[in-house]
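Trainee: Structure file data-v2.tsv (TSV, C-alpha atoms) is given on the next line.
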chain	number	residue	atom	x	y	z
A	1	MET	CA	-17.69	-43.59	-66.51
A	2	LYS	CA	-14.61	-41.50	-65.87
A	3	LYS	CA	-16.68	-38.31	-66.06
A	4	VAL	CA	-19.08	-39.64	-63.42
A	5	ILE	CA	-16.19	-40.42	-61.09
A	6	LYS	CA	-14.74	-36.93	-61.63
A	7	TYR	CA	-18.11	-35.32	-60.86
A	8	CYS	CA	-18.44	-37.41	-57.67
A	9	LEU	CA	-14.96	-36.43	-56.49
A	10	LEU	CA	-15.65	-32.77	-57.24
A	11	LEU	CA	-18.91	-32.95	-55.28
A	12	VAL	CA	-17.19	-34.53	-52.28
A	13	LEU	CA	-14.48	-31.86	-52.41
A	14	LEU	CA	-17.05	-29.05	-52.47
A	15	ILE	CA	-18.92	-30.54	-49.51
A	16	SER	CA	-15.66	-30.84	-47.51
A	17	VAL	CA	-14.66	-27.25	-48.27
A	18	ASN	CA	-18.12	-25.97	-47.31
A	19	LYS	CA	-18.06	-27.91	-44.05
A	20	GLY	CA	-14.62	-26.61	-43.15
A	21	TRP	CA	-15.63	-23.04	-43.96
A	22	SER	CA	-18.70	-23.38	-41.76
A	23	GLN	CA	-16.62	-24.56	-38.81
A	24	ASN	CA	-14.12	-21.71	-39.16
A	25	ASN	CA	-16.68	-18.99	-39.83
A	26	PRO	CA	-18.11	-17.48	-36.57
A	27	ALA	CA	-21.15	-16.18	-38.43
A	28	ALA	CA	-22.05	-19.70	-39.48
A	29	ASN	CA	-21.84	-20.96	-35.87
A	30	LYS	CA	-23.56	-17.95	-34.38
A	31	ASP	CA	-26.67	-19.86	-33.48
A	32	SER	CA	-24.69	-22.62	-31.74
A	33	ILE	CA	-22.77	-20.24	-29.36
A	34	LYS	CA	-24.08	-20.20	-25.78
A	35	TYR	CA	-24.18	-16.82	-24.04
A	36	ILE	CA	-24.04	-16.52	-20.25
A	37	GLN	CA	-24.74	-13.36	-18.25
A	38	MET	CA	-22.06	-13.02	-15.57
A	39	THR	CA	-22.56	-10.46	-12.78
A	40	GLY	CA	-21.01	-9.96	-9.37
A	41	ILE	CA	-18.94	-7.83	-7.07
A	42	VAL	CA	-15.22	-7.55	-6.31
A	43	ILE	CA	-14.17	-7.35	-2.64
A	44	THR	CA	-11.12	-7.87	-0.43
A	45	ASP	CA	-10.71	-10.54	2.24
A	46	SER	CA	-11.82	-7.90	4.78
A	47	MET	CA	-15.12	-7.33	2.90
A	48	MET	CA	-14.03	-3.97	1.48
A	49	ARG	CA	-15.18	-3.03	-2.04
A	50	VAL	CA	-12.53	-2.90	-4.79
A	51	PRO	CA	-13.61	-0.14	-7.20
A	52	PHE	CA	-12.68	0.09	-10.89
A	53	THR	CA	-11.41	-3.48	-11.17
A	54	LYS	CA	-10.63	-4.61	-14.74
A	55	ILE	CA	-12.48	-7.79	-15.72
A	56	VAL	CA	-11.24	-9.24	-19.02
A	57	ASP	CA	-12.41	-12.34	-20.90
A	58	ILE	CA	-9.01	-13.62	-22.07
A	59	THR	CA	-10.61	-16.06	-24.49
A	60	THR	CA	-12.54	-13.43	-26.47
A	61	ASN	CA	-10.32	-10.46	-25.49
A	62	ARG	CA	-13.30	-8.46	-24.26
A	63	GLY	CA	-13.88	-6.96	-20.84
A	64	VAL	CA	-15.45	-4.34	-18.60
A	65	ILE	CA	-14.50	-2.08	-15.70
A	66	ALA	CA	-16.24	-2.46	-12.35
A	67	ASP	CA	-17.94	0.63	-10.96
A	68	TYR	CA	-17.05	2.57	-7.81
A	69	TYR	CA	-18.80	0.01	-5.61
A	70	GLY	CA	-17.13	-3.01	-7.26
A	71	TYR	CA	-20.16	-4.18	-9.27
A	72	TYR	CA	-19.66	-5.57	-12.77
A	73	ALA	CA	-21.61	-7.34	-15.56
A	74	LEU	CA	-20.15	-9.30	-18.47
A	75	VAL	CA	-21.37	-11.68	-21.20
A	76	VAL	CA	-19.23	-14.85	-21.35
A	77	HIS	CA	-19.26	-18.30	-22.95
A	78	PRO	CA	-18.66	-21.79	-21.53
A	79	GLY	CA	-14.95	-22.52	-21.20
A	80	ASP	CA	-13.87	-18.87	-21.18
A	81	THR	CA	-11.16	-17.66	-18.78
A	82	ILE	CA	-12.01	-14.47	-16.88
A	83	GLN	CA	-9.18	-12.42	-15.38
A	84	PHE	CA	-9.62	-9.91	-12.55
A	85	SER	CA	-6.88	-7.29	-12.10
A	86	CYS	CA	-6.53	-4.07	-10.13
A	87	LEU	CA	-3.57	-1.94	-9.10
A	88	GLY	CA	-2.32	-3.03	-5.68
A	89	PHE	CA	-3.95	-6.48	-5.86
A	90	LYS	CA	-2.90	-9.87	-7.20
A	91	LYS	CA	-4.49	-11.02	-10.46
A	92	LYS	CA	-7.15	-13.73	-10.23
A	93	ASN	CA	-8.43	-16.03	-12.98
A	94	TYR	CA	-11.81	-17.72	-13.09
A	95	ILE	CA	-12.66	-20.40	-15.69
A	96	ILE	CA	-16.26	-20.78	-16.83
A	97	SER	CA	-17.30	-24.43	-16.80
A	98	ASP	CA	-17.70	-25.78	-20.34
A	99	THR	CA	-20.51	-28.10	-19.19
A	100	THR	CA	-22.65	-25.50	-17.46
A	101	ASP	CA	-26.32	-25.20	-18.36
A	102	LEU	CA	-26.82	-21.84	-16.66
A	103	ASP	CA	-27.87	-18.79	-18.63
A	104	ALA	CA	-26.80	-16.38	-15.86
A	105	PHE	CA	-24.87	-16.53	-12.58
A	106	SER	CA	-23.27	-14.22	-10.01
A	107	LEU	CA	-19.68	-14.37	-8.74
A	108	VAL	CA	-18.18	-12.65	-5.69
A	109	GLN	CA	-14.48	-12.38	-6.44
A	110	VAL	CA	-12.11	-11.91	-3.50
A	111	MET	CA	-8.90	-10.01	-4.28
A	112	LYS	CA	-5.73	-10.22	-2.19
A	113	PHE	CA	-3.40	-7.30	-1.64
A	114	ASP	CA	-0.15	-7.38	-3.59
A	115	THR	CA	2.54	-6.13	-1.20
A	116	ILE	CA	5.71	-4.95	-2.89
A	117	MET	CA	8.76	-4.73	-0.62
A	118	SER	CA	11.40	-2.19	-1.56
A	119	LYS	CA	14.72	-1.25	-0.04
A	120	PRO	CA	14.59	1.48	2.63
A	121	VAL	CA	15.53	4.97	1.52
A	122	ASP	CA	17.16	7.43	3.93
A	123	VAL	CA	16.30	11.04	3.18
A	124	TYR	CA	18.71	13.71	4.41
A	125	PRO	CA	18.31	17.50	4.19
A	126	TRP	CA	21.86	17.85	2.84
A	127	PRO	CA	22.69	16.97	-0.77
A	128	SER	CA	26.28	15.89	-0.02
A	129	ARG	CA	28.74	15.15	2.79
A	130	GLU	CA	30.44	18.49	2.27
A	131	ALA	CA	27.16	20.34	2.72
A	132	PHE	CA	26.51	18.36	5.91
A	133	ALA	CA	29.96	19.23	7.29
A	134	GLU	CA	29.48	22.93	6.51
A	135	SER	CA	26.03	22.97	8.08
A	136	PHE	CA	27.30	21.14	11.15
A	137	VAL	CA	30.18	23.58	11.68
A	138	ASN	CA	28.04	26.69	11.18
A	139	MET	CA	25.06	25.36	13.14
A	140	GLU	CA	23.72	27.74	15.78
A	141	SER	CA	23.96	26.67	19.37
A	142	PRO	CA	20.62	25.51	20.83
A	143	ASN	CA	21.29	27.75	23.83
A	144	SER	CA	20.58	30.83	21.70
A	145	ALA	CA	17.11	29.53	20.88
A	146	LEU	CA	16.58	28.63	24.55
A	147	LYS	CA	17.59	32.13	25.60
A	148	ARG	CA	15.16	33.68	23.13
A	149	ALA	CA	12.39	31.45	24.47
A	150	ARG	CA	13.13	32.41	28.06
A	151	LYS	CA	13.17	36.07	27.10
A	152	ARG	CA	9.75	35.68	25.53
A	153	LEU	CA	8.43	34.17	28.76
A	154	THR	CA	9.49	37.01	31.10
A	155	PRO	CA	6.68	38.67	33.10
A	156	GLN	CA	7.21	41.95	31.27
A	157	GLU	CA	6.95	40.28	27.84
A	158	MET	CA	3.89	38.25	28.86
A	159	ALA	CA	2.21	41.36	30.25
A	160	PHE	CA	2.89	43.25	27.02
A	161	VAL	CA	1.48	40.42	24.90
A	162	GLY	CA	-1.53	40.11	27.18
A	163	ALA	CA	-2.24	43.83	26.91
A	164	ILE	CA	-2.36	43.84	23.11
A	165	MET	CA	-4.30	40.60	22.72
A	166	ASN	CA	-8.06	40.56	22.64
A	167	SER	CA	-9.87	38.22	25.01
A	168	ASP	CA	-11.50	35.14	23.56
A	169	GLY	CA	-14.96	33.80	24.32
A	170	SER	CA	-13.84	31.57	27.18
A	171	SER	CA	-11.92	34.29	29.05
A	172	SER	CA	-14.71	36.82	28.50
A	173	TYR	CA	-17.29	34.40	29.91
A	174	SER	CA	-15.07	33.62	32.92
A	175	SER	CA	-14.53	37.30	33.66
A	176	SER	CA	-18.26	38.00	33.32
A	177	GLN	CA	-19.12	35.16	35.72
A	178	GLN	CA	-16.59	36.38	38.30
A	179	GLN	CA	-17.99	39.88	38.13
A	180	PHE	CA	-21.51	38.48	38.51
A	181	MET	CA	-20.55	36.46	41.60
A	182	ARG	CA	-18.90	39.51	43.17
A	183	ASP	CA	-22.05	41.53	42.56
A	184	GLN	CA	-24.16	38.79	44.12
A	185	TYR	CA	-21.89	38.67	47.17
A	186	THR	CA	-22.42	42.37	47.91
A	187	ARG	CA	-25.97	42.59	46.57
A	188	GLY	CA	-28.11	45.08	48.49
A	189	GLN	CA	-25.13	46.77	50.14
A	190	GLY	CA	-22.08	48.79	49.28
A	191	PRO	CA	-19.19	47.19	47.38
A	192	GLN	CA	-16.50	45.54	49.44
A	193	ASN	CA	-13.45	47.68	50.26
A	194	ASN	CA	-10.37	45.63	51.21
A	195	LEU	CA	-8.61	48.74	52.52
A	196	LEU	CA	-10.80	48.43	55.60
A	197	ASN	CA	-10.48	44.61	55.81
A	198	PRO	CA	-8.18	43.65	58.74
A	199	ALA	CA	-7.82	40.07	57.45
A	200	ALA	CA	-6.54	41.34	54.09
A	201	TRP	CA	-4.05	43.66	55.84
A	202	SER	CA	-2.82	40.78	58.00
A	203	GLU	CA	-2.27	38.57	54.97
A	204	PHE	CA	-0.49	41.38	53.14
A	205	ILE	CA	1.90	42.15	56.00
A	206	GLY	CA	2.62	38.48	56.62
A	207	GLY	CA	3.49	38.01	52.97
A	208	PHE	CA	6.59	40.16	53.23
A	209	GLY	CA	8.13	37.88	55.81
A	210	SER	CA	7.41	34.71	53.87
A	211	GLY	CA	8.81	36.03	50.58
A	212	LYS	CA	5.39	36.08	48.89
A	213	TYR	CA	5.84	39.71	47.84
A	214	ARG	CA	9.02	41.19	46.43
A	215	ILE	CA	10.02	44.79	45.93
A	216	SER	CA	11.42	45.49	42.47
A	217	ASN	CA	14.20	48.03	42.27
What is this file in structure tokens?
Mentor:
Amino acid sequence: MKKVIKYCLLLVLLISVNKGWSQNNPAANKDSIKYIQMTGIVITDSMMRVPFTKIVDITTNRGVIADYYGYYALVVHPGDTIQFSCLGFKKKNYIISDTTDLDAFSLVQVMKFDTIMSKPVDVYPWPSREAFAESFVNMESPNSALKRARKRLTPQEMAFVGAIMNSDGSSSYSSSQQQFMRDQYTRGQGPQNNLLNPAAWSEFIGGFGSGKYRISN
């Protein structure tokens, strides 16, 4: 009788151990796991795509990276927690319903910008106060630069620069059009000679009295 009781207890113990091993062994429960195809896109609140977002299933520690256009695809299970993270944005978590009957669904995840405020930084061209003082004392007067600019803008300097510079397309076209109009004005007759134009002589002589013309010494 005692042997029968021992055999019964041993059988119950073996059944309990086998049941516990089956519950803790993922391979034994493989057929009972529900797989869900999760797809979607990651955007901002202004409808801009968020490329290369990291989507991680925290429950199973598996994840994917969204493509350049924000699209992603991931296999999840009911009850899993999905985390979306990207540099410059706040992290977002999404929990899969543990009572869902869907085999696949799509999710549009909206990410918000993560603004980090930092203290203002003043950048100076001098490494120290002593260097600033030395630069301030030895600084050239702005009048010297102004004098050089005025010297560059004298009629003689401008004429020299204009003589050595080649004409561009716009000035060449303008000069060609002026020459064409002058040719059209005197077309069929001799070219105009202002030396015999009394109106031109009158304007020239009157210009001396009004200060329009100056004589350079």
Trainee: Which one of A:Gly88, A:Gly40, A:Gly188, A:Pro51 sits closest to Gly70 in chain A if you count all atoms listed in the file?
Mentor: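 That would be A:Pro51, the residue with the smallest distance to Gly70 in chain A.
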Trainee: Could you tell me how far CA of Leu102 in chain A lies from CA of Asp67 in chain A, in Å and to one decimal?
Mentor: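 About the pair CA of Leu102 in chain A and CA of Asp67 in chain A: they are 24.8 Å apart.
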Trainee: Would you mind listing what lies within 10 Å of Lys92 in chain A as a list in words, with all atoms listed in the file counted and same-chain residues fewer than 5 positions away left out?
Mentor: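 The neighbour list is Ile55, Ile82, Gln83, Phe84, Ser85, Cys86, Gln109, Val110, Met111 and Lys112 of chain A.
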Trainee: Got a sec: who's within 7 Å of Val50 in chain A, counting all atoms listed in the file, leaving out chain neighbours fewer than 6 positions off, as a VMD selection string?
Mentor: chain A and resid 42 to 44 69 to 70
Trainee: Measuring between all atoms listed in the file, which one of A:Ile36, A:Val137, A:Ile95, A:Ala145 shows the shortest distance to Val76 in chain A?
Mentor: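 The answer is A:Ile36, which sits nearest to Val76 in chain A.
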Trainee: For the atom pair CA of Asn193 in chain A and CA of Pro155 in chain A, what is the interatomic distance in Å to one decimal place?
Mentor: 27.9 Å
Trainee: May I ask for the distance between CA of Phe208 in chain A and CA of Leu196 in chain A, given in Å to one decimal place?
Mentor: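 Spanning CA of Phe208 in chain A to CA of Leu196 in chain A is a straight-line distance of 19.4 Å.
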Trainee: Here is a test: counting only C-alpha atoms, which residue of A:Ile41, A:Val64, A:Ile33, A:Ala133 is nearest to His77 in chain A?
Mentor: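 Result for the nearest residue to His77 in chain A: A:Ile33.
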